[in-house]
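What's in query38.tsv: TSV, C-alpha atoms
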chain	number	residue	atom	x	y	z
A	368	MET	CA	117.66	138.36	61.17
A	369	PRO	CA	119.33	134.92	61.59
A	370	SER	CA	120.03	135.65	65.24
A	371	LYS	CA	116.31	136.25	65.93
A	372	ARG	CA	115.46	132.90	64.33
A	373	LYS	CA	118.12	131.16	66.38
A	374	LEU	CA	116.81	132.83	69.53
A	375	LEU	CA	113.22	131.81	68.69
A	376	ALA	CA	114.33	128.23	67.95
A	377	PHE	CA	116.21	128.11	71.24
A	378	ILE	CA	113.19	129.41	73.17
A	379	VAL	CA	110.83	126.91	71.51
A	380	THR	CA	113.27	124.05	72.13
A	381	ALA	CA	113.64	125.09	75.78
A	382	ILE	CA	109.86	125.24	76.25
A	383	VAL	CA	109.42	121.77	74.71
A	384	GLY	CA	112.26	120.40	76.83
A	385	VAL	CA	110.83	121.83	80.05
A	386	SER	CA	107.38	120.48	79.13
A	387	VAL	CA	108.76	116.98	78.64
A	388	VAL	CA	110.60	117.09	81.98
A	389	ILE	CA	107.47	118.35	83.76
A	390	GLY	CA	105.41	115.61	82.08
A	391	PHE	CA	107.80	112.87	83.25
A	392	PHE	CA	107.77	114.37	86.73
A	393	ASN	CA	103.96	114.46	86.87
A	394	ILE	CA	103.07	111.13	85.25
A	395	GLY	CA	106.33	109.20	85.44
A	396	SER	CA	108.41	107.70	82.71
A	397	PRO	CA	106.91	105.34	80.12
A	398	GLY	CA	108.76	102.47	81.82
A	399	ASN	CA	107.20	103.26	85.20
A	400	GLU	CA	103.77	103.61	83.59
A	401	ARG	CA	104.17	100.16	82.04
A	402	LEU	CA	105.13	98.70	85.44
A	403	ARG	CA	102.13	100.41	87.06
A	404	ARG	CA	99.83	98.88	84.44
A	405	TYR	CA	101.28	95.41	85.15
A	406	ASP	CA	100.64	95.95	88.88
A	407	ASP	CA	97.07	97.12	88.21
A	408	GLN	CA	96.49	94.00	86.09
A	409	ARG	CA	97.92	91.80	88.88
A	410	SER	CA	95.48	93.35	91.38
A	411	GLN	CA	92.55	92.88	88.99
A	412	ASN	CA	93.54	89.28	88.27
A	413	LEU	CA	93.86	88.50	91.98
A	414	GLN	CA	90.46	90.06	92.63
A	415	SER	CA	88.88	88.00	89.81
A	416	LEU	CA	90.63	84.86	91.04
A	417	ARG	CA	89.31	85.49	94.53
A	418	TYR	CA	85.68	86.12	93.55
A	419	GLY	CA	85.26	84.14	90.35
A	420	GLY	CA	87.57	81.29	91.26
A	421	ILE	CA	88.01	80.63	94.96
A	422	ASP	CA	84.72	82.01	96.32
A	423	GLU	CA	82.79	80.28	93.52
A	424	TYR	CA	84.65	77.02	94.18
A	425	VAL	CA	83.68	77.24	97.88
A	426	ARG	CA	80.03	77.91	97.00
A	427	ARG	CA	79.93	74.87	94.71
A	428	ASN	CA	82.03	72.45	96.77
A	429	GLY	CA	81.65	73.63	100.37
A	430	SER	CA	85.40	73.84	101.00
A	431	LEU	CA	88.51	75.64	99.85
A	432	PRO	CA	90.42	74.15	96.93
A	433	ASP	CA	93.80	72.60	97.62
A	434	SER	CA	95.45	74.26	94.61
A	435	LEU	CA	94.91	76.67	91.74
A	436	GLU	CA	94.84	73.69	89.39
A	437	GLU	CA	91.80	72.37	91.25
A	438	ILE	CA	90.00	75.66	90.60
A	439	GLN	CA	90.94	75.57	86.95
A	440	LYS	CA	89.61	72.03	86.53
A	441	THR	CA	86.35	72.68	88.34
A	442	ILE	CA	85.33	76.16	87.28
A	443	ALA	CA	85.41	77.54	83.76
A	444	LEU	CA	87.01	80.93	84.28
A	445	SER	CA	86.67	83.37	81.40
A	446	SER	CA	90.45	83.38	80.83
A	447	PRO	CA	91.94	80.87	83.26
A	448	ASP	CA	95.52	81.25	82.14
A	449	SER	CA	95.51	85.02	82.38
A	450	LEU	CA	93.76	85.03	85.76
A	451	LEU	CA	96.03	82.40	87.28
A	452	THR	CA	99.33	83.82	86.08
A	453	ASP	CA	101.33	87.00	86.44
A	454	PRO	CA	100.68	89.21	83.38
A	455	LYS	CA	104.36	90.12	83.03
A	456	THR	CA	106.24	86.93	83.91
A	457	GLY	CA	103.63	84.28	83.07
A	458	GLU	CA	104.39	82.58	86.41
A	459	PRO	CA	101.39	81.30	88.41
A	460	PHE	CA	100.16	83.39	91.31
A	461	GLU	CA	100.76	81.84	94.69
A	462	TYR	CA	97.72	80.34	96.42
A	463	ALA	CA	97.93	78.70	99.82
A	464	LYS	CA	95.17	77.02	101.80
A	465	LEU	CA	96.10	78.07	105.34
A	466	SER	CA	93.26	76.28	107.14
A	467	GLU	CA	89.81	74.94	106.35
A	468	THR	CA	88.50	78.54	106.15
A	469	THR	CA	91.53	80.73	105.39
A	470	PHE	CA	93.73	81.19	102.34
A	471	SER	CA	96.26	83.57	100.89
A	472	LEU	CA	96.97	84.91	97.42
A	473	CYS	CA	100.47	86.22	96.71
A	474	ALA	CA	102.02	88.17	93.85
A	475	THR	CA	105.20	90.11	93.23
A	476	PHE	CA	104.56	93.77	92.44
A	477	ASP	CA	106.97	96.04	90.58
A	478	LEU	CA	106.00	99.28	92.36
A	479	PRO	CA	104.28	100.23	95.61
A	480	SER	CA	100.56	100.77	95.19
A	481	GLU	CA	99.14	104.21	94.73
A	482	PRO	CA	97.70	105.92	97.81
A	483	ASN	CA	94.14	105.71	96.40
A	484	ALA	CA	94.28	101.91	95.94
A	485	LYS	CA	91.93	101.46	98.91
A	486	THR	CA	89.18	103.36	97.11
A	487	MET	CA	89.68	101.37	93.89
A	488	TYR	CA	88.90	98.11	95.73
A	489	PRO	CA	87.03	99.24	98.86
A	490	ASP	CA	86.39	95.78	100.36
A	491	VAL	CA	89.98	94.61	100.17
A	492	MET	CA	93.26	96.11	101.12
A	493	TRP	CA	95.02	95.71	97.78
A	494	VAL	CA	97.59	98.18	99.06
A	495	HIS	CA	101.07	96.73	98.64
A	496	PRO	CA	104.76	97.60	98.69
A	497	ALA	CA	107.05	96.75	95.79
A	498	GLY	CA	108.04	93.09	95.91
A	499	ARG	CA	106.29	89.91	97.04
A	500	THR	CA	103.04	90.58	98.88
A	501	CYS	CA	100.42	88.18	100.24
A	502	PHE	CA	96.76	88.95	100.90
A	503	LYS	CA	94.94	86.77	103.44
A	504	PHE	CA	91.25	85.94	103.39
A	505	GLN	CA	88.76	84.02	105.48
A	506	ILE	CA	85.62	82.32	104.21
A	507	GLN	CA	82.54	83.46	106.09
A	508	SER	CA	78.84	82.72	105.69
A	509	THR	CA	76.95	85.76	104.49
A	510	GLY	CA	73.61	84.02	104.34
A	511	PRO	CA	72.02	80.61	104.81
A	512	THR	CA	73.74	79.12	101.78
A	513	VAL	CA	76.13	81.84	100.63
A	514	LYS	CA	79.79	81.95	101.60
A	515	ASN	CA	82.27	84.66	100.61
A	516	SER	CA	85.84	85.52	101.45
A	517	VAL	CA	86.65	88.56	103.52
A	518	PRO	CA	90.08	90.09	103.99
A	519	ILE	CA	92.08	89.34	107.11
A	520	PRO	CA	93.89	92.53	108.20

Would you put the structure from the file into structure tokens?
Amino acid sequence: MPSKRKLLAFIVTAIVGVSVVIGFFNIGSPGNERLRRYDDQRSQNLQSLRYGGIDEYVRRNGSLPDSLEEIQKTIALSSPDSLLTDPKTGEPFEYAKLSETTFSLCATFDLPSEPNAKTMYPDVMWVHPAGRTCFKFQIQSTGPTVKNSVPIP
């Protein structure tokens, strides 16, 4: 009788072990999932900074801001600190005014983006490799008084 119990325990343990390995293979380790969530938050923050910060600043002032601090002083963002800084490191995102109508937003990503990232944000190519990545935009008029940024490929 004890040998049947040991065999059953071994089989159950093996099944659980294989299930855990298959789960890690399919969804990744908890550490990778945490890094992916940080990258998703970076992309969302950059998108909010673009629309709610920079585009709104241009609509109100008629020109691009010179710095992120200028945006923060002029526009009351819902959570300025969290939108202007990396969610993991707390360091500010990089903003650069490239010309009177173009700018870039840069962040350092932990992992390459998922293949479906284009469908998550269809108007912007938030697709990125691991590491420092910059996204370039140009301000264009989309109506008599409305100006919005569009991605530069």

Using all atoms listed in the file, pick whichever of A:Glu458, A:Asp407, A:Glu467, A:Glu400 has the shortest atom-to-atom distance to Ser430 (chain A).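 Among A:Glu458, A:Asp407, A:Glu467, A:Glu400, it is A:Glu467 that comes nearest to Ser430 (chain A).
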
Rank nothing, just name the residue among A:Ser508, A:Tyr462, A:Lys371, A:Ala497 nearest to Thr475 (chain A), using all atoms listed in the file.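 For Thr475 (chain A), the nearest of the given residues is A:Ala497.
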
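The residue set within 12 Å of Arg401 (chain A), counting all atoms listed in the file and dropping same-chain residues fewer than 4 places from it, reads A:Ile394, A:Gly395, A:Ser396, A:Pro397, A:Tyr405, A:Asp406, A:Asp407, A:Gln408, A:Pro454, A:Lys455, A:Asp477, A:Leu478.
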
Given the choices A:Phe470, A:Phe377, A:Tyr424, A:Tyr418, which gets closest to Gln505 (chain A) if the distance is worked out from all atoms listed in the file?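 Looking at the shortest contact to Gln505 (chain A), the residue is A:Phe470.
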
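Distance-wise, CA of Gly419 (chain A) and CA of Lys514 (chain A) end up 12.7 Å apart.
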
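Checking A:Ser516, A:Ser466, A:Thr441, A:Gln507 one by one against Asn428 (chain A), counting all atoms listed in the file, you find the shortest gap at A:Thr441.
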
What is the distance, in Å and to one decimal place, between CA of His495 (chain A) and CA of Pro479 (chain A)?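 Straight-line distance from CA of His495 (chain A) to CA of Pro479 (chain A) works out to 5.6 Å.
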
Calculate how many Å separate CA of Pro432 (chain A) from CA of Pro496 (chain A), rounding to one decimal.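 So the two atoms, CA of Pro432 (chain A) and CA of Pro496 (chain A), lie 27.5 Å apart.
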
Rank nothing, just name the residue among A:Phe504, A:Val425, A:Ser480, A:Arg499 nearest to Ala463 (chain A), using only C-alpha atoms.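 Of all the options, A:Phe504 lies closest to Ala463 (chain A).
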
Residue nearest Ser449 (chain A) - candidates A:Val383, A:Val517, A:Leu416, A:Val494, atoms counted: only C-alpha atoms: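 The closest residue to Ser449 (chain A) is A:Leu416.
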
Find the residues around Phe502 (chain A) up to 10 Å (only C-alpha atoms counted), leave out those fewer than 6 positions away in its own chain, and share them as a list in words.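 Contacts, with the query itself left out: Leu413, Tyr462, Phe470, Ser471, Leu472, Cys473, Ala474, Val491, Met492, Trp493, Val494, His495, Pro518, Ile519 and Pro520 of chain A.
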